[in-house]
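So this block is my_file19.csv, CSV, C-alpha atoms:
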```csv
chain,number,residue,atom,x,y,z
A,1,MET,CA,34.0,0.6,28.4
A,2,HIS,CA,36.2,3.2,26.7
A,3,TYR,CA,38.7,1.9,24.2
A,4,LYS,CA,41.6,3.9,22.9
A,5,VAL,CA,41.6,3.5,19.1
A,6,HIS,CA,44.4,4.3,16.6
A,7,VAL,CA,43.5,4.7,13.0
A,8,ARG,CA,46.2,4.8,10.3
A,9,ILE,CA,45.3,6.0,6.9
A,10,VAL,CA,47.8,5.6,4.0
A,11,PRO,CA,47.6,6.4,0.3
A,12,ARG,CA,46.7,3.2,-1.6
A,13,ALA,CA,49.8,1.4,-2.9
A,14,GLY,CA,50.3,2.1,-6.6
A,15,LEU,CA,48.8,5.6,-6.5
A,16,LEU,CA,51.3,8.5,-6.8
A,17,ASP,CA,52.2,9.8,-3.4
A,18,PRO,CA,54.1,13.1,-4.0
A,19,GLN,CA,54.4,13.8,-0.3
A,20,GLY,CA,56.0,10.4,0.3
A,21,GLN,CA,58.4,11.0,-2.6
A,22,ALA,CA,59.4,14.4,-1.3
A,23,VAL,CA,60.1,13.0,2.2
A,24,GLU,CA,62.1,10.2,0.7
A,25,HIS,CA,64.2,12.6,-1.3
A,26,ALA,CA,64.8,14.6,1.8
A,27,LEU,CA,65.8,11.6,3.8
A,28,THR,CA,68.2,10.5,1.0
A,29,ALA,CA,69.7,14.0,0.9
A,30,LEU,CA,70.2,13.8,4.7
A,31,GLY,CA,72.2,10.6,4.2
A,32,PHE,CA,69.5,8.1,5.2
A,33,ARG,CA,70.1,6.1,2.0
A,34,GLU,CA,68.6,3.0,3.6
A,35,ALA,CA,65.1,4.6,3.5
A,36,GLY,CA,62.7,3.6,0.8
A,37,ASP,CA,59.0,3.2,0.0
A,38,VAL,CA,58.1,6.3,2.0
A,39,ARG,CA,54.3,6.9,2.1
A,40,VAL,CA,52.8,9.8,4.0
A,41,GLY,CA,49.3,9.4,5.5
A,42,LYS,CA,47.3,10.4,8.5
A,43,ALA,CA,47.0,9.1,12.1
A,44,ILE,CA,43.7,9.6,13.9
A,45,GLU,CA,43.3,8.8,17.6
A,46,LEU,CA,39.9,8.5,19.3
A,47,SER,CA,38.2,6.8,22.1
A,48,ILE,CA,35.2,4.6,21.5
A,49,ASP,CA,32.6,3.6,24.0
A,50,ALA,CA,31.9,-0.1,23.3
A,51,LYS,CA,31.1,-3.4,24.9
A,52,SER,CA,34.3,-5.1,23.7
A,53,ALA,CA,37.5,-4.4,21.8
A,54,GLU,CA,36.0,-6.2,18.9
A,55,ASP,CA,32.9,-3.9,18.9
A,56,ALA,CA,35.2,-0.9,19.1
A,57,ARG,CA,37.1,-2.2,16.1
A,58,GLY,CA,34.0,-2.7,14.1
A,59,ARG,CA,32.7,0.8,14.9
A,60,ALA,CA,36.1,2.3,13.9
A,61,ARG,CA,36.0,0.4,10.6
A,62,ALA,CA,32.5,1.7,10.0
A,63,MET,CA,33.8,5.3,10.7
A,64,CYS,CA,36.7,4.7,8.2
A,65,ASP,CA,34.3,3.4,5.5
A,66,LYS,CA,31.9,6.3,5.9
A,67,LEU,CA,34.2,9.3,6.6
A,68,LEU,CA,37.8,8.9,7.8
A,69,ALA,CA,39.2,7.2,4.7
A,70,ASN,CA,38.5,7.8,1.0
A,71,PRO,CA,37.7,4.4,-0.5
A,72,VAL,CA,39.0,5.5,-3.9
A,73,THR,CA,42.5,6.5,-2.8
A,74,GLU,CA,43.3,5.3,0.7
A,75,ASP,CA,43.7,2.2,2.8
A,76,TYR,CA,43.3,2.1,6.6
A,77,LEU,CA,44.5,0.1,9.6
A,78,VAL,CA,42.6,0.0,12.9
A,79,GLU,CA,44.3,-0.8,16.2
A,80,VAL,CA,42.4,-1.0,19.5
A,81,GLU,CA,44.4,-0.7,22.8
A,82,GLY,CA,43.8,-3.3,25.6
B,83,MET,CA,15.0,27.6,-16.0
B,84,ARG,CA,15.2,30.7,-13.9
B,85,LYS,CA,15.9,29.5,-10.3
B,86,VAL,CA,19.5,28.6,-9.5
B,87,ALA,CA,20.6,27.6,-6.0
B,88,VAL,CA,24.2,28.4,-5.1
B,89,ILE,CA,25.1,26.3,-2.0
B,90,ARG,CA,27.2,28.0,0.6
B,91,PHE,CA,29.3,25.9,3.0
B,92,PRO,CA,31.4,27.3,5.8
B,93,GLY,CA,34.6,28.2,3.9
B,94,SER,CA,33.0,28.7,0.5
B,95,ASN,CA,34.8,31.7,-1.0
B,96,CYS,CA,33.7,31.7,-4.7
B,97,ASP,CA,30.0,31.9,-3.8
B,98,PHE,CA,29.6,35.5,-5.0
B,99,ASP,CA,31.5,34.9,-8.2
B,100,THR,CA,29.3,31.9,-8.9
B,101,LEU,CA,26.1,33.8,-8.0
B,102,SER,CA,27.1,36.7,-10.2
B,103,SER,CA,27.9,34.4,-13.1
B,104,ALA,CA,24.6,32.7,-12.9
B,105,ARG,CA,22.7,36.0,-12.7
B,106,ARG,CA,24.7,37.3,-15.7
B,107,VAL,CA,23.0,34.7,-18.0
B,108,GLY,CA,19.6,35.9,-16.7
B,109,THR,CA,18.8,33.5,-13.9
B,110,ASN,CA,17.3,34.3,-10.6
B,111,ALA,CA,20.2,32.9,-8.6
B,112,TYR,CA,20.1,32.8,-4.8
B,113,PHE,CA,22.1,31.4,-1.9
B,114,VAL,CA,21.2,28.3,0.0
B,115,TRP,CA,22.9,27.7,3.3
B,116,HIS,CA,24.4,24.2,3.8
B,117,ARG,CA,22.3,23.7,6.9
B,118,ASP,CA,19.1,24.1,4.9
B,119,THR,CA,17.4,21.0,3.6
B,120,ASP,CA,15.3,22.5,0.8
B,121,LEU,CA,16.5,23.8,-2.5
B,122,GLN,CA,13.5,26.2,-2.8
B,123,GLY,CA,12.4,24.9,-6.1
B,124,ALA,CA,15.7,25.3,-7.9
B,125,ASP,CA,16.1,24.4,-11.6
B,126,ALA,CA,19.8,24.1,-11.2
B,127,VAL,CA,22.3,23.7,-8.3
B,128,LEU,CA,25.8,25.1,-8.2
B,129,LEU,CA,28.4,24.1,-5.7
B,130,PRO,CA,31.0,26.9,-5.6
B,131,GLY,CA,34.7,26.8,-4.9
B,132,GLY,CA,36.5,27.5,-1.6
B,133,PHE,CA,37.7,25.5,1.4
B,134,SER,CA,34.6,24.1,3.0
B,135,TYR,CA,35.3,23.0,6.6
B,136,GLY,CA,38.9,24.2,6.1
B,137,ASP,CA,39.6,21.2,3.9
B,138,TYR,CA,40.0,19.3,7.1
B,139,LEU,CA,40.4,15.5,6.8
B,140,ARG,CA,40.1,15.7,2.9
B,141,SER,CA,38.7,18.4,0.7
B,142,GLY,CA,35.0,18.1,0.6
B,143,ALA,CA,34.9,15.1,2.9
B,144,ILE,CA,32.9,16.8,5.7
B,145,ALA,CA,30.8,19.1,3.4
B,146,ARG,CA,29.4,16.1,1.7
B,147,PHE,CA,27.5,15.2,4.9
B,148,SER,CA,25.9,18.7,5.1
B,149,PRO,CA,22.1,18.7,5.7
B,150,ILE,CA,21.5,20.2,2.2
B,151,MET,CA,23.3,17.3,0.4
B,152,PRO,CA,20.5,14.7,0.5
B,153,ALA,CA,18.4,17.3,-1.4
B,154,VAL,CA,21.2,17.9,-3.9
B,155,GLN,CA,21.5,14.1,-4.4
B,156,ARG,CA,17.8,13.7,-4.9
B,157,PHE,CA,17.7,16.6,-7.3
B,158,ALA,CA,20.6,15.1,-9.4
B,159,GLN,CA,19.0,11.7,-9.4
B,160,GLU,CA,15.9,13.2,-10.9
B,161,GLY,CA,18.0,14.7,-13.7
B,162,GLY,CA,18.5,18.2,-12.3
B,163,PRO,CA,21.6,20.0,-13.4
B,164,VAL,CA,24.3,20.1,-10.7
B,165,LEU,CA,27.7,21.8,-11.3
B,166,GLY,CA,30.6,21.6,-8.9
B,167,ILE,CA,33.4,24.0,-9.3
B,168,CYS,CA,36.8,23.4,-7.7
B,169,ASN,CA,35.8,22.6,-4.0
B,170,GLY,CA,32.4,21.9,-5.4
B,171,PHE,CA,33.9,19.2,-7.7
B,172,GLN,CA,35.7,17.7,-4.7
B,173,ILE,CA,32.4,17.6,-2.7
B,174,LEU,CA,30.7,15.8,-5.7
B,175,CYS,CA,33.4,13.2,-5.8
B,176,GLU,CA,33.4,12.7,-2.0
B,177,ALA,CA,29.6,12.3,-2.2
B,178,GLY,CA,29.9,9.6,-4.8
B,179,MET,CA,27.9,11.7,-7.3
B,180,LEU,CA,31.0,11.7,-9.6
B,181,PRO,CA,33.6,8.9,-9.7
B,182,GLY,CA,37.3,9.3,-8.7
B,183,ALA,CA,38.9,11.7,-6.2
B,184,LEU,CA,41.0,14.9,-6.2
B,185,MET,CA,44.4,14.4,-4.6
B,186,ARG,CA,47.3,16.6,-3.6
B,187,ASN,CA,48.9,18.2,-6.7
B,188,ALA,CA,51.7,16.2,-7.9
B,189,GLN,CA,54.2,19.1,-7.5
B,190,LEU,CA,52.9,19.6,-4.0
B,191,THR,CA,52.4,23.4,-4.6
B,192,PHE,CA,49.1,25.3,-4.8
B,193,VAL,CA,48.6,26.2,-8.4
B,194,ALA,CA,46.8,29.5,-9.2
B,195,ARG,CA,47.1,30.7,-12.8
B,196,PRO,CA,45.2,30.8,-16.1
B,197,VAL,CA,45.2,27.5,-17.9
B,198,ALA,CA,44.0,26.3,-21.3
B,199,LEU,CA,41.2,23.7,-21.6
B,200,ARG,CA,39.8,21.7,-24.5
B,201,VAL,CA,36.1,21.0,-24.5
B,202,GLU,CA,35.8,17.2,-24.9
B,203,GLN,CA,32.1,16.7,-24.4
B,204,THR,CA,29.3,19.2,-25.2
B,205,ASP,CA,26.4,16.9,-24.5
B,206,THR,CA,26.1,18.0,-20.8
B,207,ALA,CA,24.0,20.4,-18.8
B,208,PHE,CA,26.9,22.8,-18.6
B,209,THR,CA,28.9,22.6,-21.9
B,210,ASN,CA,26.1,22.4,-24.5
B,211,ARG,CA,26.8,26.0,-25.6
B,212,TYR,CA,30.4,25.2,-26.5
B,213,THR,CA,31.7,23.3,-29.6
B,214,GLN,CA,33.6,20.0,-29.4
B,215,GLY,CA,37.3,20.8,-29.4
B,216,GLU,CA,36.9,24.4,-28.5
B,217,LEU,CA,39.8,25.9,-26.5
B,218,LEU,CA,39.0,27.9,-23.3
B,219,ARG,CA,41.1,29.9,-21.0
B,220,MET,CA,40.3,30.2,-17.3
B,221,PRO,CA,42.1,30.2,-14.0
B,222,VAL,CA,42.8,27.3,-11.7
B,223,ALA,CA,43.4,27.8,-8.0
B,224,HIS,CA,43.8,24.6,-6.0
B,225,GLY,CA,46.2,22.5,-4.0
B,226,GLU,CA,44.3,19.3,-4.3
B,227,GLY,CA,43.2,19.0,-8.0
B,228,ARG,CA,45.0,15.9,-9.2
B,229,PHE,CA,42.2,13.7,-10.6
B,230,ALA,CA,42.7,10.1,-9.6
B,231,ALA,CA,40.7,7.0,-10.2
B,232,ASP,CA,41.3,3.2,-10.6
B,233,GLN,CA,42.1,2.1,-14.2
B,234,ALA,CA,38.7,0.6,-14.8
B,235,THR,CA,37.0,3.8,-13.9
B,236,LEU,CA,39.4,5.8,-16.0
B,237,ARG,CA,38.8,3.6,-19.0
B,238,ARG,CA,35.0,3.9,-18.5
B,239,LEU,CA,35.1,7.7,-18.3
B,240,GLU,CA,37.1,7.9,-21.5
B,241,ALA,CA,35.1,5.3,-23.4
B,242,GLU,CA,31.8,6.8,-22.4
B,243,GLY,CA,32.9,10.3,-23.3
B,244,ARG,CA,32.5,11.6,-19.8
B,245,VAL,CA,35.7,13.6,-19.7
B,246,VAL,CA,34.2,17.1,-20.2
B,247,VAL,CA,37.3,19.3,-20.2
B,248,ARG,CA,41.0,18.4,-20.4
B,249,TYR,CA,44.1,20.5,-19.7
B,250,VAL,CA,46.1,21.3,-22.8
B,251,GLU,CA,48.9,23.7,-23.8
B,252,LEU,CA,47.8,27.2,-24.9
B,253,ASP,CA,48.0,26.1,-28.6
B,254,GLY,CA,45.8,23.1,-27.9
B,255,SER,CA,48.5,20.6,-28.1
B,256,PRO,CA,48.7,17.9,-25.3
B,257,LEU,CA,49.9,19.1,-21.9
B,258,LYS,CA,53.5,18.5,-21.3
B,259,ASP,CA,54.2,16.2,-18.4
B,260,GLY,CA,51.0,16.7,-16.6
B,261,ALA,CA,52.2,20.2,-15.8
B,262,ILE,CA,49.1,21.6,-14.0
B,263,ASN,CA,48.6,19.1,-11.2
B,264,GLY,CA,49.4,15.6,-12.4
B,265,SER,CA,45.8,14.6,-13.2
B,266,LEU,CA,45.3,11.3,-14.9
B,267,ASN,CA,44.9,11.8,-18.6
B,268,ASP,CA,45.1,15.6,-17.9
B,269,ILE,CA,41.5,15.4,-16.8
B,270,ALA,CA,40.1,18.8,-15.6
B,271,GLY,CA,36.4,18.0,-15.4
B,272,ILE,CA,34.0,15.0,-15.8
B,273,ALA,CA,30.3,14.3,-16.0
B,274,ASN,CA,28.0,11.5,-14.7
B,275,PRO,CA,26.6,9.1,-17.4
B,276,GLU,CA,23.5,11.3,-17.9
B,277,GLY,CA,25.4,14.5,-18.3
B,278,ASN,CA,23.4,16.5,-15.7
B,279,VAL,CA,26.1,16.4,-13.1
B,280,VAL,CA,29.4,18.0,-14.0
B,281,GLY,CA,32.5,18.8,-11.9
B,282,LEU,CA,35.7,20.7,-12.8
B,283,MET,CA,38.7,22.1,-11.0
B,284,PRO,CA,39.1,25.3,-13.2
B,285,HIS,CA,37.0,28.3,-12.4
B,286,PRO,CA,34.4,29.3,-15.1
B,287,ASP,CA,33.1,31.7,-12.4
B,288,ARG,CA,36.3,33.7,-12.6
B,289,ALA,CA,36.0,34.0,-16.4
B,290,ALA,CA,32.5,35.1,-16.9
B,291,ASP,CA,32.6,38.9,-16.4
B,292,PRO,CA,33.6,41.2,-19.4
B,293,ALA,CA,35.2,43.6,-16.9
B,294,LEU,CA,37.8,40.9,-16.2
B,295,GLY,CA,38.7,40.6,-19.9
B,296,ASN,CA,37.7,37.0,-20.3
B,297,THR,CA,34.2,35.4,-20.6
B,298,ASP,CA,35.3,31.9,-21.8
B,299,GLY,CA,33.6,30.5,-18.7
B,300,LEU,CA,30.2,32.0,-19.3
B,301,GLY,CA,29.1,29.1,-21.4
B,302,PHE,CA,29.0,26.8,-18.4
B,303,PHE,CA,26.3,29.0,-17.0
B,304,SER,CA,24.4,29.8,-20.2
B,305,SER,CA,24.4,26.0,-21.0
B,306,MET,CA,22.1,25.4,-18.0
B,307,LEU,CA,19.4,27.4,-19.8
B,308,SER,CA,19.3,25.1,-22.8
B,309,TRP,CA,19.5,21.8,-21.0
B,310,ALA,CA,16.1,20.1,-21.1
B,311,PRO,CA,15.2,18.8,-17.6
B,312,LEU,CA,15.0,15.1,-17.3
B,313,LYS,CA,16.9,14.7,-20.5
B,314,GLY,CA,18.8,11.7,-19.2
B,315,ALA,CA,16.8,8.9,-20.8
B,316,THR,CA,17.4,10.2,-24.3
B,317,ARG,CA,21.1,10.5,-24.1
```
For this file, write the structure as structure tokens.
Amino acid sequence: MHYKVHVRIVPRAGLLDPQGQAVEHALTALGFREAGDVRVGKAIELSIDAKSAEDARGRARAMCDKLLANPVTEDYLVEVEG
Amino acid sequence: MRKVAVIRFPGSNCDFDTLSSARRVGTNAYFVWHRDTDLQGADAVLLPGGFSYGDYLRSGAIARFSPIMPAVQRFAQEGGPVLGICNGFQILCEAGMLPGALMRNAQLTFVARPVALRVEQTDTAFTNRYTQGELLRMPVAHGEGRFAADQATLRRLEAEGRVVVRYVELDGSPLKDGAINGSLNDIAGIANPEGNVVGLMPHPDRAADPALGNTDGLGFFSSMLSWAPLKGATR
């Protein structure tokens, strides 16, 4: 069974995120003064051939630990569709 | 110490500068392709700068899984000297051979200009020809050179004298406001505990040819020659 998987990778809280800061400044300049705590990360979509959604999630987490996220600087979230 | 392997990844672009610098100090330096698995009896290994795999995902994140990297890791574990310059430093961090990570420059711009460095540690395979506190000038050229690590790692690096070179102002005074890239503690380069693995963002390979008017970087290459193999245990 193929599962559609969404991986979100964000800079770890507490680490300087200059991209997030720049975007936040731009939003403020555009009048979106309600915006705050902007962090810019990455979204990765993939399909995983697995026996169950739980298996797919486990494999996706292994991929994050090994390659997709940097354990020093990034956190990740895995969502499996269906 | 005569054989020096310069590893080429797809996207390396300082490979010839690095090869030429290593040959200038009298070594028989040669290229090793990232798909090879054998260092061909190297006495030292250099990972040059560039943009391996287009910096896709993160700088160095894909190159670290190249077929040659297990041999590089074994070589380093046995005490062999390994130097990562710029992208090579990023690869060493991604591979876990050096702690921390190199993140997007704090000012978000690519920085390409000469900078001043202070030599903080001379007991390494690549800085033993310098003197403690010596000021060097050499170029940086990177978009992701902001050294980051958790507080415990940072404290350990400083306490163990593993910060090898630090960014300073031209007169040697502390850098104002992290002006190069926002690196923690103005760190430009670090070493592993044994001193045989060193990584730095600045380019000694671009400051090693008298024709370019600056040979401040040459010491990184000549230092390899005086580093006793398997010195780790005595440090």
Which polymer residues, protein or nucleic acid, are no farther than 12 Å from (12.9, 29.9, -15.7), counting only C-alpha atoms, as a ChimeraX atom specification? /B:83-86,105,107-111,123-126,306-311
Just need the residues of chain A within 9 Å of chain B, counting only C-alpha atoms, so spit them out as a PyMOL selection string. chain A and resi 15-19+22+42+67-70+72-73
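Nearest residue to Gly41 of chain A among A:Asp65, A:Glu74, A:Asp55, A:Glu24 is A:Glu74, counting only C-alpha atoms.
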Neighbour residues at most 8 Å from (30.8, 30.0, -5.0) (all atoms listed in the file) as a list in words: Val88, Ile89, Arg90, Ser94, Asn95, Cys96, Asp97, Phe98, Asp99, Thr100, Leu101, Leu128, Leu129, Pro130, Gly131, Gly132, Ile167 and Asp287 of chain B
Quick one: distance from atom CA of Thr235 of chain B to atom CA of Ile173 of chain B in Å, one decimal? 18.4 Å
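From atom CA of Pro163 of chain B back to atom CA of Phe208 of chain B, the distance works out to 7.9 Å.
Going from atom CA of Gly243 of chain B over to atom CA of Leu266 of chain B, you cover 15.0 Å.
The smallest atom-to-atom distance between Arg237 of chain B and any of B:Asp291, B:Asn267, B:Val114, B:Ser103, using all atoms listed in the file, is found for B:Asn267.
Nearest to Asp37 of chain A of all the residues A:Ile9, A:Val23, A:Val80, A:Cys64 is A:Val23, based on all atoms listed in the file.
When all atoms listed in the file are used to measure the gap to Arg57 of chain A, the shortest distance among A:Phe32, A:Arg8, A:Ala26, A:Val78 belongs to A:Val78.
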List the spatial neighbours of Asn274 of chain B as a list in words - criterion: any atom at most 8 Å away, all atoms listed in the file, same-chain residues fewer than 6 positions off excluded. Met179, Leu180, Pro181, Arg244 and Val280 of chain B
Counting all atoms listed in the file, which of B:Ile272, B:Ile262, B:Leu257, B:Leu252 gets nearest to Leu236 of chain B? B:Ile272
Assuming the input is short of atoms at segment 14-37 of chain A, produce N, CA and C atoms for that part as an mmCIF file, in the frame of the given file.
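Output contents, as saved in result_28.cif:
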```
data_model
loop_
_atom_site.group_PDB
_atom_site.id
_atom_site.type_symbol
_atom_site.label_atom_id
_atom_site.label_comp_id
_atom_site.auth_asym_id
_atom_site.auth_seq_id
_atom_site.Cartn_x
_atom_site.Cartn_y
_atom_site.Cartn_z
ATOM 1 N N GLY A 14 50.443 1.991 -5.182
ATOM 2 C CA GLY A 14 50.300 2.100 -6.600
ATOM 3 C C GLY A 14 49.819 3.487 -7.048
ATOM 4 N N LEU A 15 49.202 4.235 -6.125
ATOM 5 C CA LEU A 15 48.800 5.600 -6.500
ATOM 6 C C LEU A 15 50.029 6.514 -6.157
ATOM 7 N N LEU A 16 50.194 7.503 -7.003
ATOM 8 C CA LEU A 16 51.300 8.500 -6.800
ATOM 9 C C LEU A 16 51.118 9.133 -5.436
ATOM 10 N N ASP A 17 52.198 9.138 -4.655
ATOM 11 C CA ASP A 17 52.200 9.800 -3.400
ATOM 12 C C ASP A 17 53.304 10.856 -3.351
ATOM 13 N N PRO A 18 53.019 12.055 -3.883
ATOM 14 C CA PRO A 18 54.100 13.100 -4.000
ATOM 15 C C PRO A 18 54.670 13.471 -2.662
ATOM 16 N N GLN A 19 53.856 13.441 -1.599
ATOM 17 C CA GLN A 19 54.400 13.800 -0.300
ATOM 18 C C GLN A 19 55.431 12.732 0.148
ATOM 19 N N GLY A 20 55.090 11.460 -0.049
ATOM 20 C CA GLY A 20 56.000 10.400 0.300
ATOM 21 C C GLY A 20 57.321 10.509 -0.472
ATOM 22 N N GLN A 21 57.185 10.829 -1.773
ATOM 23 C CA GLN A 21 58.400 11.000 -2.600
ATOM 24 C C GLN A 21 59.261 12.120 -2.119
ATOM 25 N N ALA A 22 58.628 13.249 -1.772
ATOM 26 C CA ALA A 22 59.400 14.400 -1.300
ATOM 27 C C ALA A 22 60.127 14.095 -0.027
ATOM 28 N N VAL A 23 59.441 13.393 0.888
ATOM 29 C CA VAL A 23 60.100 13.000 2.200
ATOM 30 C C VAL A 23 61.227 12.063 1.917
ATOM 31 N N GLU A 24 61.001 11.132 0.994
ATOM 32 C CA GLU A 24 62.100 10.200 0.700
ATOM 33 C C GLU A 24 63.301 10.849 0.127
ATOM 34 N N HIS A 25 63.067 11.810 -0.793
ATOM 35 C CA HIS A 25 64.200 12.600 -1.300
ATOM 36 C C HIS A 25 64.945 13.297 -0.248
ATOM 37 N N ALA A 26 64.190 13.895 0.697
ATOM 38 C CA ALA A 26 64.800 14.600 1.800
ATOM 39 C C ALA A 26 65.646 13.701 2.664
ATOM 40 N N LEU A 27 65.080 12.525 2.943
ATOM 41 C CA LEU A 27 65.800 11.600 3.800
ATOM 42 C C LEU A 27 67.111 11.145 3.076
ATOM 43 N N THR A 28 67.014 10.893 1.769
ATOM 44 C CA THR A 28 68.200 10.500 1.000
ATOM 45 C C THR A 28 69.249 11.612 1.065
ATOM 46 N N ALA A 29 68.785 12.855 0.895
ATOM 47 C CA ALA A 29 69.700 14.000 0.900
ATOM 48 C C ALA A 29 70.376 14.135 2.265
ATOM 49 N N LEU A 30 69.688 13.710 3.327
ATOM 50 C CA LEU A 30 70.200 13.800 4.700
ATOM 51 C C LEU A 30 71.149 12.621 5.007
ATOM 52 N N GLY A 31 71.309 11.713 4.042
ATOM 53 C CA GLY A 31 72.200 10.600 4.200
ATOM 54 C C GLY A 31 71.536 9.304 4.666
ATOM 55 N N PHE A 32 70.212 9.332 4.817
ATOM 56 C CA PHE A 32 69.500 8.100 5.200
ATOM 57 C C PHE A 32 69.216 7.290 3.940
ATOM 58 N N ARG A 33 70.286 6.776 3.325
ATOM 59 C CA ARG A 33 70.100 6.100 2.000
ATOM 60 C C ARG A 33 69.377 4.797 2.145
ATOM 61 N N GLU A 34 69.277 4.278 3.368
ATOM 62 C CA GLU A 34 68.600 3.000 3.600
ATOM 63 C C GLU A 34 67.066 3.152 3.493
ATOM 64 N N ALA A 35 66.552 4.395 3.522
ATOM 65 C CA ALA A 35 65.100 4.600 3.500
ATOM 66 C C ALA A 35 64.513 4.453 2.147
ATOM 67 N N GLY A 36 63.380 3.778 2.064
ATOM 68 C CA GLY A 36 62.700 3.600 0.800
ATOM 69 C C GLY A 36 61.209 3.418 1.002
ATOM 70 N N ASP A 37 60.444 3.417 -0.084
ATOM 71 C CA ASP A 37 59.000 3.200 0.000
ATOM 72 C C ASP A 37 58.277 4.068 0.990
#
```
